[in-house]
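A.B. asks: Once you've had a glance at the structure underneath, I'll fire off some questions.
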Amino acid sequence: MYWPRWGVTSVTLFKLSLRNAKRQARDYLVYFVTIVLAAALIYAFNGIVFSREIQELSALVENLTFMIATASIVVVCIIGWLVSYTTRFMLTRRSRELGTYILIGLENKQVARMFFVENLVVGGCALVLGLLAGSLLYQALRAVVLTLFGTAYRFALTFSPKAVALTLVYFLLIYLLAQRKSRKRIRRMKIYDLIYFERRNETAAIQSSRKRQILFTVSLILGMVGTVLFMGGELLSGTIGFLCILFFLYGFFLSFASGVPAFFEKHAAAKYRGQTLLVFRTLTAKLSTMGVVMATVSLLFTGVLVAQGTGTTFSNLFRGRAAENACFDLFVSTTEQARGLEEYLDYVEEQIPVEEELEYSVYWGEDKQFTQYLQDNVLYIRYYQKDLLLRYSDYAALRSLLGYPPVELGRGEYLIHAMPYLEKDLERCPSTLTLGGAALERRGIYTEQFNQYGWDANGANFILVVPDAAAQGYPARHRVYVAKTAEPVTQADFDRLTDIRIQRMETRTEENELDRDYDSLHAKAIEEENAAATITMTVFPLYYLAIILIMTAATILTIQQLSESAHYQRQFALLRKLGMERREMEGALGRQFAIFYAMPVLPALLISIPTVWHFGWLVEPGILEGRFAPPVIVALTLALFFLVYGIYILMAYTSMRRNVLPD
């Protein structure tokens, strides 16, 4: 193929595309690195999906394929939007160059093809580098998953053809769909339109001051209402809340960006204070045409924080539940007093090697003194109508089985064993306990893990340990068997015990239609495996989405900032001639950066922090406590967010400072 007015082959056109691709990767390095990291993440999670080793860890992990596939669809849409946005942005910035190509003799379709090829080359290089980086990232994810399941990790560099193929399909969809629109646009545009495309007038989105004020006020109100509704947890209220949040974000940024000039018109003195005029004039020029983009970025940041917070909450919730339920290697309890636990004990004796075991009863107390106090003063869920009792001899044996230090209990004393979140409140409770007319004084409160979460356990988050003689005459609430096994309970053994439980329930139902209680059954190995599987299926996809979202949003902001390097360079060169010192210019540039990068984050923080905090407190009490508590979840969420976001800000500021400030 030859160009009409120049005897140049299509080979030269391809070389020009390669040269432009190299320049694009250099000028938009942050974008290129983000695409590489996106490819690495996509490949790494695809590797998890196709890993037979991971699939064999637990039957529950079978659902991981669906979870990651669903997350990947969202990721492809997000990365596709990033590529489409960046391509459109580069087309705007390079419109004069592309128009010049047509002016010297190229056809529109040739320029469109050249632009398409150079973006495809950039995407192809990013894909190759991403696959290489993704193989290492896969090892990191593999190590995390194996650690969750308590399996030894050994480094083994692998390359999954299926994961490579699926990642390639994703990238082809991303780039072919993203480039299609730009290619059509170039083909249809005239030379004049291309050359002057970058110089389109920047006008405020909303010209009327009155409309700005109304939109700003309404958006703030809807933002508060939407956040409250979104935290409600119900589908209808959550949907309405989400729509209100959308209106708030877009209305806020459209009215705020347009309202800055109006503010300084009314406060002229503030305009000339320090470097305010320089900082806000530059930001106003950019924000006046970026209202929609900034609102979209803020929405992405909100998604990042909510996804991270939800993922961390789920992780802490599942680990906290497993830690309490997995207290004993094997725990079985029943409320059936007639048959007791014989079927379970027969199977354990035949099939499960046991090192230590204990069978005991949990008794009804005399009243609900402590239960009522907690219900009146604490966020406490009442399971039983009366306080529960445990004989001291059984308690001492249980502590020995669990490896806890021994505890002494004198005559006329009792002690409380409770989950940690109740310790301080139980200390404020009256210390005297009356049983059978005898008064017992509290010896102390102990909070080690003791399987106190759920029904038919060692108490409903707490239990009263009393002398053996004091418990005589009180009816047994449920019967319990615990064991320390020589080997972890296998899934096959647990399934057989579960079958016994189901058979007992069916027999019990036939005998009494009103009695449908389940026996409680826990095994440490199974609880830990289920928690690991659940964390893998829920937390991994959420963090996958969160990382992609924050990289996409931060990349868009950074591209916007770095694209103004030439403008900033001319601006600061002029200021230098006018006598501004370098220190003042650095301060002005720093303030511009701080405000620009903070603006989309602030609304996201106002929405996401209350949401994540509230979501953490919705969980049943006693699980998200200590290092798992909602304040810790919020702190970890913000720390991870600002770590990634700070890296992008630092890269952008370092590059801008080096390029625009005069020596």
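Chains: A, B, ... in order of the structure tokens. Residues: from 1 per chain. Ligands: from 1, in order shown.
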Using only C-alpha atoms, which protein or nucleic acid residues come within 8 Å of Ser219 of chain A? Drop anything in the same chain fewer than 6 positions from it, and give the result as a compact mmCIF listing (two decimals) with C-alpha atoms, in the first residue's frame.

C.D. replies:
# COMPACT_ATOMS: atom_id res chain seq x y z
CA PHE A 247 -27.09 12.35 42.34
CA PHE A 248 -25.07 13.78 45.22
CA LEU A 249 -21.69 13.04 43.62
CA GLY A 251 -24.54 17.28 41.44
CA PHE A 252 -21.84 18.21 43.95

A.B. asks: Would you return as an MDAnalysis selection string the members of segment 319-478 of chain A that DSSP assigns to alpha helix (DSSP H) on this structure's backbone?

C.D. replies: chainID A and resid 319:325 342:351 369:377 392:402 423:428 468:471

A.B. asks: Could you give me, as a list of chain:residue names, the residues within 8 Å of Ile54 of chain A, counting only C-alpha atoms and dropping anything in the same chain fewer than 3 positions from it?

C.D. replies: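 Counting only the stated atoms, we get A:Ile48, A:Val49, A:Ser51, A:Leu57, A:Ser58, A:Val61, A:Arg142, A:Val145, A:Leu146.
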
A.B. asks: Using only C-alpha atoms, which residues sit within 7 Å of segment 547-557 of chain A once same-chain residues fewer than 4 positions away are excluded, as a compact mmCIF listing (two decimals) with N, CA and C atoms, in the first residue's frame?

C.D. replies:
# COMPACT_ATOMS: atom_id res chain seq x y z
N VAL A 30 2.23 6.20 33.64
CA VAL A 30 1.34 5.74 34.70
C VAL A 30 0.22 4.88 34.12
N TYR A 31 -0.32 5.30 32.99
CA TYR A 31 -1.36 4.51 32.32
C TYR A 31 -0.82 3.16 31.89
N THR A 34 -0.34 0.91 34.85
CA THR A 34 -1.63 0.46 35.36
C THR A 34 -2.18 -0.68 34.52
N ALA A 38 -2.99 -4.34 35.75
CA ALA A 38 -4.32 -4.91 35.54
C ALA A 38 -4.22 -6.28 34.88
N VAL A 75 -14.40 -6.18 36.25
CA VAL A 75 -13.05 -5.67 36.02
C VAL A 75 -12.83 -5.35 34.54
N LEU A 82 -11.43 2.55 31.31
CA LEU A 82 -10.17 3.26 31.46
C LEU A 82 -9.46 3.40 30.13
N VAL A 297 -14.84 9.49 39.26
CA VAL A 297 -13.69 9.05 40.05
C VAL A 297 -14.06 8.93 41.52
N LEU A 300 -15.92 5.81 41.99
CA LEU A 300 -14.99 4.67 42.01
C LEU A 300 -14.29 4.56 43.36
N PHE A 301 -13.87 5.70 43.92
CA PHE A 301 -13.23 5.68 45.24
C PHE A 301 -14.20 5.17 46.31
N VAL A 304 -14.23 1.57 46.00
CA VAL A 304 -12.99 1.00 46.55
C VAL A 304 -13.09 0.84 48.06
N TYR A 543 -11.40 -7.64 47.10
CA TYR A 543 -10.12 -6.93 47.03
C TYR A 543 -9.65 -6.81 45.58
N GLN A 561 -3.47 15.35 35.32
CA GLN A 561 -2.48 16.27 35.85
C GLN A 561 -1.23 16.33 34.96
N TYR A 645 -3.06 4.93 46.81
CA TYR A 645 -3.33 6.26 46.27
C TYR A 645 -2.12 7.17 46.43
N TYR A 648 0.52 6.73 43.66
CA TYR A 648 0.18 7.44 42.42
C TYR A 648 0.41 8.94 42.58

A.B. asks: From the list A:Thr558, A:Asn458, A:Thr313, A:Asn325, which residue is nearest Leu521 of chain A when using only C-alpha atoms?

C.D. replies: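 Residue with the minimum atom-to-atom distance to Leu521 of chain A: A:Asn325.
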
A.B. asks: Measuring atom to atom with only C-alpha atoms, identify which of A:Ile500, A:Leu545, A:Ala604, A:Leu305 is nearest to Leu636 of chain A.

C.D. replies: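 When distances to Leu636 of chain A are compared using only C-alpha atoms, the smallest one comes from A:Leu305.
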
A.B. asks: Find the distance between atom CA of Arg210 of chain A and atom CA of Ile595 of chain A and write it in Å to one decimal.

C.D. replies: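 Value for the atom CA of Arg210 of chain A-atom CA of Ile595 of chain A distance: 25.3 Å.
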
A.B. asks: List every residue of segment 323-375 of chain A that DSSP, applied to the backbone of this structure, places in strand (DSSP E), and write the result as an MDAnalysis selection string.

C.D. replies: chainID A and resid 330:334 354:364

A.B. asks: Any idea what the distance is between atom CA of Ser237 of chain A and atom CA of Thr302 of chain A?

C.D. replies: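 So the answer is 18.1 Å.
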
A.B. asks: Skip Ala323 of chain A itself and residues of its chain fewer than 2 positions away, then list as number ranges by chain all residues within 12 Å of it, counting only C-alpha atoms.

C.D. replies: A: 316-321, 325-329, 419, 448-453, 522-532, 622-624, 628

A.B. asks: Grab the atom CA of Leu398 of chain A to atom CA of Ala492 of chain A distance for me, in Å with one decimal place.

C.D. replies: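 Answer for the atom CA of Leu398 of chain A to atom CA of Ala492 of chain A separation: 26.3 Å.
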
A.B. asks: Using only C-alpha atoms, which of the listed residues (A:Ala439, A:Ala483, A:Leu379, A:Leu254) sits closest to Val348 of chain A?

C.D. replies: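 Distance minimum relative to Val348 of chain A lands on A:Ala483.
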
A.B. asks: Skipping near chain neighbours, those fewer than 6 positions away, what residues fall within 12 Å of Asn659 of chain A using only C-alpha atoms, listed as a VMD selection string?

C.D. replies: chain A and resid 27 562 to 570 572 to 573 589 652 to 653

A.B. asks: Extract, using only C-alpha atoms, all DNA, RNA and protein residues at most 12 Å from Ala165 of chain A, discarding same-chain residues fewer than 5 positions from it, and format them as a list in words.

C.D. replies: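 The contact residues come out as Ile42, Tyr43, Asn46, Gly47, Phe50, Leu127, Leu131, Phe159, Ser160, Tyr170, Phe171 and Leu172 of chain A.
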
A.B. asks: Measuring between only C-alpha atoms, which one of A:Ala396, A:Ile445, A:Leu606, A:Leu41 shows the shortest distance to Thr167 of chain A?

C.D. replies: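 Closest candidate: A:Leu41.
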
A.B. asks: For Glu359 of chain A, which residue out of A:Pro161, A:Gly340, A:Gly241, A:Gly80 is the nearest one, using only C-alpha atoms?

C.D. replies: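 Residue with the minimum atom-to-atom distance to Glu359 of chain A: A:Gly340.
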